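Next comes start-v1.csv, a file with CSV, C-alpha atoms.
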chain,number,residue,atom,x,y,z
A,25,MET,CA,41.4,45.9,-5.4
A,26,ARG,CA,43.1,48.1,-7.9
A,27,VAL,CA,42.6,47.4,-11.5
A,28,LEU,CA,44.5,48.7,-14.6
A,29,GLY,CA,42.2,48.7,-17.6
A,30,ILE,CA,44.0,48.7,-21.0
A,31,ASP,CA,42.2,49.5,-24.3
A,32,PRO,CA,44.9,48.4,-26.7
A,33,GLY,CA,45.7,50.4,-29.8
A,34,LEU,CA,48.8,51.4,-31.8
A,35,THR,CA,48.0,55.1,-32.1
A,36,ARG,CA,46.1,55.5,-28.8
A,37,CYS,CA,46.4,52.9,-26.1
A,38,GLY,CA,43.9,53.8,-23.4
A,39,VAL,CA,44.8,53.2,-19.7
A,40,GLY,CA,42.7,53.7,-16.7
A,41,VAL,CA,43.2,52.7,-13.0
A,42,VAL,CA,40.3,52.1,-10.7
A,43,ASP,CA,40.1,51.2,-7.0
A,44,GLY,CA,37.2,49.3,-5.5
A,45,SER,CA,35.5,46.1,-4.8
A,46,VAL,CA,32.1,44.5,-5.6
A,47,GLY,CA,29.3,46.3,-3.8
A,48,ARG,CA,31.3,49.3,-2.8
A,49,PRO,CA,31.8,52.7,-4.5
A,50,LEU,CA,34.6,52.7,-7.1
A,51,THR,CA,37.3,55.4,-7.3
A,52,LEU,CA,39.2,56.8,-10.2
A,53,VAL,CA,42.9,56.7,-9.5
A,54,ASP,CA,44.3,57.8,-12.9
A,55,VAL,CA,43.4,57.8,-16.6
A,56,GLY,CA,45.2,58.6,-19.8
A,57,VAL,CA,46.4,57.4,-23.1
A,58,ILE,CA,49.7,56.2,-24.5
A,59,ARG,CA,50.2,57.8,-27.9
A,60,THR,CA,52.6,56.7,-30.7
A,61,SER,CA,53.2,58.5,-33.9
A,62,SER,CA,52.2,56.8,-37.1
A,63,THR,CA,55.4,58.1,-38.7
A,64,LEU,CA,57.5,55.8,-36.6
A,65,PRO,CA,58.2,52.1,-37.5
A,66,ILE,CA,55.7,49.7,-35.9
A,67,ALA,CA,58.4,48.0,-33.9
A,68,GLN,CA,59.3,51.4,-32.3
A,69,ARG,CA,55.7,52.2,-31.6
A,70,LEU,CA,55.2,48.9,-29.8
A,71,VAL,CA,58.3,49.5,-27.7
A,72,THR,CA,56.8,52.9,-26.7
A,73,ILE,CA,53.6,51.2,-25.7
A,74,GLU,CA,55.6,48.6,-23.7
A,75,ARG,CA,57.5,51.3,-21.9
A,76,GLY,CA,54.4,53.3,-21.3
A,77,LEU,CA,52.5,50.4,-19.8
A,78,ASP,CA,55.5,49.4,-17.7
A,79,ALA,CA,55.5,52.9,-16.3
A,80,TRP,CA,51.8,52.9,-15.5
A,81,ILE,CA,52.2,49.6,-13.6
A,82,GLU,CA,55.2,50.8,-11.8
A,83,GLU,CA,53.4,54.0,-10.7
A,84,HIS,CA,50.1,52.5,-9.7
A,85,ARG,CA,50.9,48.9,-8.7
A,86,PRO,CA,47.6,47.4,-9.8
A,87,ASP,CA,46.4,44.0,-8.4
A,88,ALA,CA,45.1,43.0,-11.7
A,89,VAL,CA,45.0,44.0,-15.4
A,90,ALA,CA,42.0,44.0,-17.7
A,91,VAL,CA,42.6,44.0,-21.4
A,92,GLU,CA,40.0,44.4,-24.1
A,93,ARG,CA,39.7,41.1,-26.1
A,94,VAL,CA,40.3,41.8,-29.7
A,95,PHE,CA,38.6,39.9,-32.5
A,96,ALA,CA,39.6,39.3,-36.1
A,97,ARG,CA,36.2,40.5,-37.3
A,98,SER,CA,36.9,44.1,-36.1
A,99,ASP,CA,37.8,46.9,-38.4
A,100,SER,CA,40.5,45.3,-40.5
A,101,SER,CA,42.5,48.5,-41.3
A,102,THR,CA,43.7,48.8,-37.7
A,103,ILE,CA,43.1,45.3,-36.4
A,104,MET,CA,46.7,44.1,-36.8
A,105,GLY,CA,48.2,47.0,-34.9
A,106,THR,CA,45.5,46.6,-32.2
A,107,ALA,CA,46.3,42.9,-31.9
A,108,GLN,CA,50.0,43.6,-31.7
A,109,ALA,CA,49.4,46.2,-29.0
A,110,SER,CA,47.2,43.8,-27.0
A,111,GLY,CA,50.0,41.2,-27.2
A,112,ILE,CA,52.4,43.7,-25.7
A,113,ALA,CA,49.9,44.6,-22.9
A,114,LEU,CA,49.5,40.9,-22.1
A,115,VAL,CA,53.2,40.3,-21.9
A,116,VAL,CA,53.9,43.4,-19.8
A,117,ALA,CA,51.4,42.2,-17.2
A,118,ALA,CA,52.3,38.5,-17.4
A,119,ARG,CA,56.0,39.2,-16.9
A,120,ARG,CA,55.1,40.7,-13.5
A,121,GLY,CA,52.9,37.8,-12.6
A,122,LEU,CA,49.8,40.0,-12.5
A,123,PRO,CA,46.4,38.3,-12.9
A,124,ILE,CA,45.1,39.2,-16.3
A,125,ALA,CA,41.5,39.1,-17.6
A,126,MET,CA,40.2,39.8,-21.1
A,127,HIS,CA,36.8,41.2,-21.5
A,128,THR,CA,35.0,41.7,-24.8
A,129,PRO,CA,33.4,45.0,-25.8
A,130,SER,CA,29.9,43.6,-25.3
A,131,GLU,CA,30.9,42.3,-21.8
A,132,VAL,CA,32.1,45.7,-20.9
A,133,LYS,CA,28.9,47.4,-22.2
A,134,ALA,CA,26.7,44.9,-20.4
A,135,ALA,CA,28.7,45.2,-17.1
A,136,VAL,CA,28.8,49.0,-17.1
A,137,SER,CA,25.4,49.9,-18.6
A,138,GLY,CA,23.4,46.7,-18.3
A,139,ASN,CA,23.1,46.5,-22.0
A,140,GLY,CA,25.6,44.6,-24.2
A,141,ARG,CA,24.5,46.7,-27.2
A,142,ALA,CA,24.8,50.1,-25.5
A,143,ASP,CA,26.4,52.9,-27.6
A,144,LYS,CA,29.6,54.8,-26.7
A,145,ALA,CA,27.6,57.7,-25.2
A,146,GLN,CA,25.6,55.4,-22.8
A,147,VAL,CA,28.7,53.6,-21.6
A,148,GLY,CA,30.5,56.9,-21.2
A,149,ALA,CA,27.6,58.4,-19.1
A,150,MET,CA,27.7,55.3,-16.9
A,151,VAL,CA,31.5,55.6,-16.4
A,152,VAL,CA,31.0,59.2,-15.3
A,153,ARG,CA,28.2,58.2,-12.8
A,154,ILE,CA,30.0,55.1,-11.4
A,155,LEU,CA,33.2,57.0,-10.8
A,156,ARG,CA,31.4,60.2,-9.8
A,157,LEU,CA,33.4,62.3,-12.3
A,158,SER,CA,32.5,65.8,-13.4
A,159,GLU,CA,33.0,64.9,-17.1
A,160,LEU,CA,34.0,62.0,-19.2
A,161,PRO,CA,37.7,61.6,-19.7
A,162,LYS,CA,38.9,62.0,-23.3
A,163,PRO,CA,39.8,60.5,-25.8
A,164,ALA,CA,37.3,57.6,-26.0
A,165,ASP,CA,40.2,55.1,-25.5
A,166,ALA,CA,40.8,56.5,-22.0
A,167,ALA,CA,37.1,56.2,-21.1
A,168,ASP,CA,37.0,52.7,-22.5
A,169,ALA,CA,40.0,51.7,-20.4
A,170,LEU,CA,38.1,52.9,-17.3
A,171,ALA,CA,35.0,50.9,-18.4
A,172,LEU,CA,37.2,47.8,-18.7
A,173,ALA,CA,38.6,48.4,-15.2
A,174,ILE,CA,35.1,48.8,-13.7
A,175,THR,CA,34.0,45.7,-15.5
A,176,HIS,CA,36.9,43.8,-14.1
A,177,VAL,CA,36.1,44.8,-10.5
A,178,TRP,CA,32.5,43.9,-10.9
A,179,ARG,CA,32.8,40.9,-13.0
A,180,GLY,CA,36.3,39.5,-12.9
A,181,GLY,CA,37.3,39.9,-9.3
A,182,ALA,CA,36.5,36.3,-8.3
A,183,GLN,CA,38.3,34.9,-11.4
A,184,SER,CA,41.3,37.1,-10.7
A,185,ARG,CA,41.6,35.7,-7.2
A,186,ILE,CA,41.5,32.1,-8.6
A,187,ASP,CA,44.1,33.0,-11.2
A,188,ALA,CA,46.3,34.6,-8.6
A,189,ALA,CA,46.1,31.5,-6.4
A,190,VAL,CA,46.9,29.2,-9.4
A,191,ALA,CA,49.8,31.5,-10.4
A,192,ALA,CA,51.2,31.4,-6.9
A,193,THR,CA,51.6,27.6,-7.2
A,194,ARG,CA,53.6,28.0,-10.4
A,195,ARG,CA,57.2,29.0,-10.6
A,196,PRO,CA,57.5,32.8,-10.4
A,197,VAL,CA,57.4,34.9,-13.5
A,198,ARG,CA,60.6,36.9,-14.0
A,199,THR,CA,59.9,40.6,-13.6
A,200,ARG,CA,62.3,42.8,-15.6
B,9,MET,CA,75.7,39.7,-42.2
B,10,ARG,CA,73.8,37.4,-39.9
B,11,VAL,CA,70.0,37.5,-40.1
B,12,LEU,CA,67.5,36.0,-37.7
B,13,GLY,CA,64.3,35.1,-39.5
B,14,ILE,CA,61.1,34.8,-37.5
B,15,ASP,CA,57.9,33.2,-38.7
B,16,PRO,CA,55.6,34.4,-35.9
B,17,GLY,CA,53.0,32.0,-34.4
B,18,LEU,CA,51.5,31.3,-31.0
B,19,THR,CA,51.7,27.5,-31.2
B,20,ARG,CA,54.9,27.3,-33.3
B,21,CYS,CA,57.1,30.4,-33.8
B,22,GLY,CA,59.7,29.5,-36.4
B,23,VAL,CA,63.3,30.8,-36.0
B,24,GLY,CA,66.2,30.5,-38.4
B,25,VAL,CA,69.6,32.1,-38.5
B,26,VAL,CA,71.6,32.5,-41.7
B,27,ASP,CA,75.0,34.0,-42.4
B,28,GLY,CA,75.8,35.5,-45.8
B,29,SER,CA,75.8,38.5,-48.1
B,30,VAL,CA,74.4,39.2,-51.5
B,31,GLY,CA,76.3,37.3,-54.2
B,32,ARG,CA,78.0,34.9,-51.9
B,33,PRO,CA,76.9,31.5,-50.6
B,34,LEU,CA,74.6,31.6,-47.6
B,35,THR,CA,75.2,29.4,-44.5
B,36,LEU,CA,72.8,27.9,-42.1
B,37,VAL,CA,73.7,28.8,-38.5
B,38,ASP,CA,70.8,27.4,-36.5
B,39,VAL,CA,67.1,26.7,-37.0
B,40,GLY,CA,64.3,25.7,-34.7
B,41,VAL,CA,60.9,26.5,-33.4
B,42,ILE,CA,59.6,28.0,-30.1
B,43,ARG,CA,56.6,26.0,-29.1
B,44,THR,CA,53.9,27.0,-26.6
B,45,SER,CA,51.1,24.9,-25.2
B,46,SER,CA,47.6,25.8,-26.2
B,47,THR,CA,46.5,24.8,-22.6
B,48,LEU,CA,48.3,27.9,-21.2
B,49,PRO,CA,46.8,31.4,-21.0
B,50,ILE,CA,47.7,33.5,-24.1
B,51,ALA,CA,49.7,36.0,-21.9
B,52,GLN,CA,51.9,33.2,-20.6
B,53,ARG,CA,52.4,31.8,-24.1
B,54,LEU,CA,53.5,35.3,-25.3
B,55,VAL,CA,55.9,35.6,-22.4
B,56,THR,CA,57.4,32.2,-23.5
B,57,ILE,CA,57.8,33.4,-27.0
B,58,GLU,CA,59.4,36.6,-25.8
B,59,ARG,CA,61.9,34.7,-23.6
B,60,GLY,CA,62.6,32.2,-26.4
B,61,LEU,CA,63.3,35.0,-29.0
B,62,ASP,CA,65.5,36.8,-26.4
B,63,ALA,CA,67.5,33.6,-26.0
B,64,TRP,CA,68.0,33.2,-29.7
B,65,ILE,CA,69.2,36.7,-30.1
B,66,GLU,CA,71.5,36.4,-27.1
B,67,GLU,CA,73.0,33.2,-28.5
B,68,HIS,CA,73.4,34.2,-32.2
B,69,ARG,CA,73.8,38.0,-32.1
B,70,PRO,CA,72.2,38.7,-35.4
B,71,ASP,CA,72.9,41.9,-37.3
B,72,ALA,CA,69.2,42.1,-38.4
B,73,VAL,CA,65.9,40.5,-37.8
B,74,ALA,CA,63.4,39.6,-40.6
B,75,VAL,CA,59.8,39.1,-39.5
B,76,GLU,CA,56.9,37.8,-41.7
B,77,ARG,CA,54.4,40.5,-42.3
B,78,VAL,CA,51.0,39.4,-41.1
B,79,PHE,CA,47.8,40.4,-42.8
B,80,ALA,CA,44.2,40.6,-41.5
B,81,ARG,CA,43.0,38.6,-44.4
B,82,SER,CA,44.9,35.5,-43.4
B,83,ASP,CA,43.2,32.5,-41.7
B,84,SER,CA,41.1,34.2,-39.1
B,85,SER,CA,41.1,31.4,-36.5
B,86,THR,CA,44.7,31.9,-35.7
B,87,ILE,CA,45.4,35.4,-37.0
B,88,MET,CA,45.0,37.2,-33.6
B,89,GLY,CA,47.6,35.0,-32.0
B,90,THR,CA,49.9,35.3,-35.0
B,91,ALA,CA,49.6,39.1,-34.8
B,92,GLN,CA,50.3,39.2,-31.1
B,93,ALA,CA,53.3,36.9,-31.5
B,94,SER,CA,54.6,39.2,-34.3
B,95,GLY,CA,54.2,42.2,-32.0
B,96,ILE,CA,56.4,40.4,-29.5
B,97,ALA,CA,59.0,39.6,-32.1
B,98,LEU,CA,59.1,43.3,-33.2
B,99,VAL,CA,59.5,44.5,-29.6
B,100,VAL,CA,62.2,42.0,-28.7
B,101,ALA,CA,64.3,43.1,-31.7
B,102,ALA,CA,63.5,46.9,-31.4
B,103,ARG,CA,64.4,47.0,-27.7
B,104,ARG,CA,67.9,45.9,-28.7
B,105,GLY,CA,68.1,48.4,-31.5
B,106,LEU,CA,68.4,45.7,-34.2
B,107,PRO,CA,67.4,46.7,-37.7
B,108,ILE,CA,64.0,45.0,-38.5
B,109,ALA,CA,62.5,44.2,-41.8
B,110,MET,CA,59.1,42.7,-42.6
B,111,HIS,CA,58.6,40.7,-45.7
B,112,THR,CA,55.3,39.4,-47.0
B,113,PRO,CA,54.9,35.7,-47.8
B,114,SER,CA,54.8,36.4,-51.5
B,115,GLU,CA,58.0,38.5,-51.3
B,116,VAL,CA,59.7,35.5,-49.6
B,117,LYS,CA,58.4,33.1,-52.2
B,118,ALA,CA,59.6,35.4,-55.0
B,119,ALA,CA,63.0,36.0,-53.4
B,120,VAL,CA,63.7,32.4,-52.7
B,121,SER,CA,62.1,30.6,-55.7
B,122,GLY,CA,61.7,33.4,-58.3
B,123,ASN,CA,57.9,32.9,-58.1
B,124,GLY,CA,55.6,34.9,-55.8
B,125,ARG,CA,53.0,32.1,-56.0
B,126,ALA,CA,55.3,29.2,-55.4
B,127,ASP,CA,53.9,26.5,-53.1
B,128,LYS,CA,55.5,25.3,-49.8
B,129,ALA,CA,57.3,22.4,-51.5
B,130,GLN,CA,59.0,24.6,-54.1
B,131,VAL,CA,60.1,27.2,-51.5
B,132,GLY,CA,61.3,24.4,-49.2
B,133,ALA,CA,63.3,22.8,-52.0
B,134,MET,CA,65.0,26.1,-52.7
B,135,VAL,CA,65.8,26.6,-49.0
B,136,VAL,CA,67.6,23.2,-49.1
B,137,ARG,CA,69.5,24.1,-52.2
B,138,ILE,CA,70.5,27.6,-51.2
B,139,LEU,CA,71.7,26.5,-47.8
B,140,ARG,CA,73.2,23.2,-49.1
B,141,LEU,CA,71.2,21.1,-46.6
B,142,SER,CA,70.7,17.4,-46.7
B,143,GLU,CA,67.0,17.8,-45.9
B,144,LEU,CA,64.4,20.5,-45.2
B,145,PRO,CA,64.2,21.4,-41.5
B,146,LYS,CA,60.8,20.7,-39.9
B,147,PRO,CA,58.3,21.8,-39.0
B,148,ALA,CA,57.3,24.1,-41.9
B,149,ASP,CA,57.6,27.2,-39.5
B,150,ALA,CA,61.3,26.5,-39.1
B,151,ALA,CA,61.8,26.3,-42.9
B,152,ASP,CA,59.7,29.4,-43.4
B,153,ALA,CA,62.0,31.3,-40.9
B,154,LEU,CA,65.0,30.3,-42.9
B,155,ALA,CA,63.3,31.5,-46.1
B,156,LEU,CA,62.7,34.8,-44.4
B,157,ALA,CA,66.3,35.1,-43.4
B,158,ILE,CA,67.5,34.3,-46.9
B,159,THR,CA,65.1,36.8,-48.3
B,160,HIS,CA,66.4,39.4,-46.0
B,161,VAL,CA,70.0,38.9,-47.0
B,162,TRP,CA,69.2,39.0,-50.7
B,163,ARG,CA,66.5,41.7,-50.6
B,164,GLY,CA,66.7,43.7,-47.4
B,165,GLY,CA,70.4,44.1,-46.8
B,166,ALA,CA,70.6,47.6,-48.3
B,167,GLN,CA,67.4,48.7,-46.4
B,168,SER,CA,68.8,47.4,-43.2
B,169,ARG,CA,72.0,49.4,-43.6
B,170,ILE,CA,69.9,52.5,-44.2
B,171,ASP,CA,67.7,51.8,-41.2
B,172,ALA,CA,70.8,51.2,-39.0
B,173,ALA,CA,72.3,54.5,-40.1
B,174,VAL,CA,69.1,56.3,-39.3
B,175,ALA,CA,68.7,54.5,-36.0
B,176,ALA,CA,72.3,55.5,-35.1
B,177,THR,CA,71.3,59.1,-35.3
B,178,ARG,CA,68.3,58.7,-32.9
B,179,ARG,CA,68.6,58.4,-29.2
B,180,PRO,CA,69.7,54.8,-28.3
B,181,VAL,CA,67.1,52.2,-27.6
B,182,ARG,CA,67.3,50.8,-24.1
B,183,THR,CA,68.3,47.1,-24.2
B,184,ARG,CA,67.0,45.1,-21.3
Represent the supplied structure as structure tokens.
Amino acid sequence: MRVLGIDPGLTRCGVGVVDGSVGRPLTLVDVGVIRTSSTLPIAQRLVTIERGLDAWIEEHRPDAVAVERVFARSDSSTIMGTAQASGIALVVAARRGLPIAMHTPSEVKAAVSGNGRADKAQVGAMVVRILRLSELPKPADAADALALAITHVWRGGAQSRIDAAVAATRRPVRTR
Amino acid sequence: MRVLGIDPGLTRCGVGVVDGSVGRPLTLVDVGVIRTSSTLPIAQRLVTIERGLDAWIEEHRPDAVAVERVFARSDSSTIMGTAQASGIALVVAARRGLPIAMHTPSEVKAAVSGNGRADKAQVGAMVVRILRLSELPKPADAADALALAITHVWRGGAQSRIDAAVAATRRPVRTR
């Protein structure tokens, strides 16, 4: 399965695409970050994120999307923008009828490193090993998006298949 | 000018359309609420809000959109959903190139009732008087959306014209 991981953010929205399945080696397909300028109005920044995510999905055709679950207790200065960006990520994926999973930061840490309290460096080192990279993609948001995608393949695959089966019985979601 | 006020929320997203200009009587055009079931996945609920807002804009063709500004310090149990819904509202309006203003709850209270600490009942009573209604639209989210639209006409009109002029000098926003 191919998974697009999204680490939502208004200034830097991390995106990472991974191919693989449980018990087999995972492959990096693409990784990057969608940036928006803090000088633009928030609405315009969100539209830029929407277009960017649409373009990533168009190009890589993922089977599922994994989005970091955002909590109100996170850093409050940026949490509203992060929540808004996560809403855009969810809508972009749901419009296309893609199965969506949300994973918390500690779920991602636990899945990738075996320790829900692992630090950034430990998670990053595991991303490099799992995907057999020569170095960790930067910025951190890009690496986090890959960790989300890896988590989804390893942890969320079964749930995605259930969701996809359920979604197939509903009326189709309009893709625009 | 015609203003669409949006009081963002995941369960009830208030929408109210008002016609008018500074110094002249305002008129209610339409008011309502977009509801989504809490039994649905968040992504699906956000898509429902997106479609609902698109339909309101299609039907009423507002000149500007006023969205309540959401703060991290609000009630934390629903704040993430409210922030996500507000992100959708901003994107739906920005995609169409509509001027957008955000007003805080106390700006709305001050504009409508003359008191930034007015309670719901006082604001509601003023909405009824200003729009010459026989009774206050329910639920509260619908009335709040009207208060936002009124605030925008009285307070944001000049800013909207500036934004529109600035927007006209940028490359056009794709409307989908």
Could you give me, as a tab-separated table, every chain B residue with an atom at most 7 Å from chain A, plus its closest atom pair and distance in Å to one decimal, counting all atoms listed in the file, rows ordered by chain then number?
residue	atom	partner	partner_atom	distance
B:Ala51	CA	A:Leu114	CA	4.9
B:Gln52	CA	A:Ala118	CA	6.2
B:Leu54	CA	A:Val115	CA	6.1
B:Val55	CA	A:Val115	CA	5.4
B:Ala80	CA	A:Ser100	CA	6.1
B:Ser84	CA	A:Ala96	CA	6.1
B:Met88	CA	A:Ala107	CA	6.1
B:Ala91	CA	A:Gln108	CA	5.5
B:Gln92	CA	A:Gly111	CA	4.4
B:Ala93	CA	A:Gly111	CA	6.9
B:Ser94	CA	A:Gln108	CA	6.9
B:Gly95	CA	A:Gln108	CA	4.4
B:Ile96	CA	A:Ile112	CA	6.4
B:Leu98	CA	A:Ala67	CA	4.8
B:Val99	CA	A:Val71	CA	5.5
B:Ala102	CA	A:Ala67	CA	5.8
B:Arg103	CA	A:Val71	CA	6.6
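Superposing chain B on chain A by least squares over every C-alpha atom, paired in order, leaves an RMSD of 0.1 Å.
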query = Got a sec: who's within 10 Å of Pro145 (chain B), counting all atoms listed in the file, leaving out chain neighbours fewer than 6 positions off, as a list of chain:residue names?
reply = B:Gly24, B:Val39, B:Gly40, B:Gly132, B:Val135, B:Val136, B:Ala151, B:Asp152, B:Leu154
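Residue nearest Thr47 (chain B), chosen from B:Pro70, B:Leu18, B:Glu76, B:Val120 and counting only C-alpha atoms: B:Leu18.
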ask   = Expressed in Å to a single decimal, how great is the separation between CA of Ser46 (chain B) and CA of Ala74 (chain B)?
value =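 It comes out at 25.4 Å.
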request  = Identify the residues within 10 Å of coordinate (73.5, 34.6, -52.8) (same frame as the file), considering only C-alpha atoms, and give the answer as a PyMOL selection string.
outcome  = chain B and resi 28-35+138-139+158-159+161-162
Coordinates of box centre and edge lengths for region 116-127 of chain A, 8 Å on every side, axis-aligned, as lines of an AutoDock Vina configuration file:
center_x = 46.4
center_y = 40.6
center_z = -17.0
size_x = 35.2
size_y = 21.6
size_z = 25.0
Within 12 Å of (35.3, 57.2, -26.9) (coordinates as in the file), grab all the protein and nucleic acid residues, counting all atoms listed in the file, and write them out as an mmCIF file with C-alpha atoms, keeping the file's coordinate frame.
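What ended up in selection.cif:
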data_model
loop_
_atom_site.group_PDB
_atom_site.id
_atom_site.type_symbol
_atom_site.label_atom_id
_atom_site.label_comp_id
_atom_site.auth_asym_id
_atom_site.auth_seq_id
_atom_site.Cartn_x
_atom_site.Cartn_y
_atom_site.Cartn_z
ATOM 1 C CA ASP A 31 42.200 49.500 -24.300
ATOM 2 C CA ARG A 36 46.100 55.500 -28.800
ATOM 3 C CA CYS A 37 46.400 52.900 -26.100
ATOM 4 C CA GLY A 38 43.900 53.800 -23.400
ATOM 5 C CA VAL A 57 46.400 57.400 -23.100
ATOM 6 C CA ASP A 143 26.400 52.900 -27.600
ATOM 7 C CA LYS A 144 29.600 54.800 -26.700
ATOM 8 C CA ALA A 145 27.600 57.700 -25.200
ATOM 9 C CA GLN A 146 25.600 55.400 -22.800
ATOM 10 C CA VAL A 147 28.700 53.600 -21.600
ATOM 11 C CA GLY A 148 30.500 56.900 -21.200
ATOM 12 C CA ALA A 149 27.600 58.400 -19.100
ATOM 13 C CA VAL A 151 31.500 55.600 -16.400
ATOM 14 C CA LEU A 160 34.000 62.000 -19.200
ATOM 15 C CA PRO A 161 37.700 61.600 -19.700
ATOM 16 C CA LYS A 162 38.900 62.000 -23.300
ATOM 17 C CA PRO A 163 39.800 60.500 -25.800
ATOM 18 C CA ALA A 164 37.300 57.600 -26.000
ATOM 19 C CA ASP A 165 40.200 55.100 -25.500
ATOM 20 C CA ALA A 166 40.800 56.500 -22.000
ATOM 21 C CA ALA A 167 37.100 56.200 -21.100
ATOM 22 C CA ASP A 168 37.000 52.700 -22.500
ATOM 23 C CA ALA A 169 40.000 51.700 -20.400
ATOM 24 C CA LEU A 170 38.100 52.900 -17.300
ATOM 25 C CA ALA A 171 35.000 50.900 -18.400
#
key: Option closest in space to His68 (chain B), from B:Val37, B:Leu156, B:Ile14, B:Ala118 [counting only C-alpha atoms]   = B:Val37
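Closest to Val26 (chain B) among B:Arg10, B:Arg69, B:Arg43, B:His160 is B:Arg10, based on all atoms listed in the file.
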message = Just the number, please: distance in Å from CA of Thr128 (chain A) to CA of Gly140 (chain A), one decimal.
response = 9.9 Å
query = At what distance in Å, to one decimal, does CA of Gly33 (chain A) lie from CA of Arg141 (chain A)?
reply =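 Those two atoms sit 21.7 Å apart.
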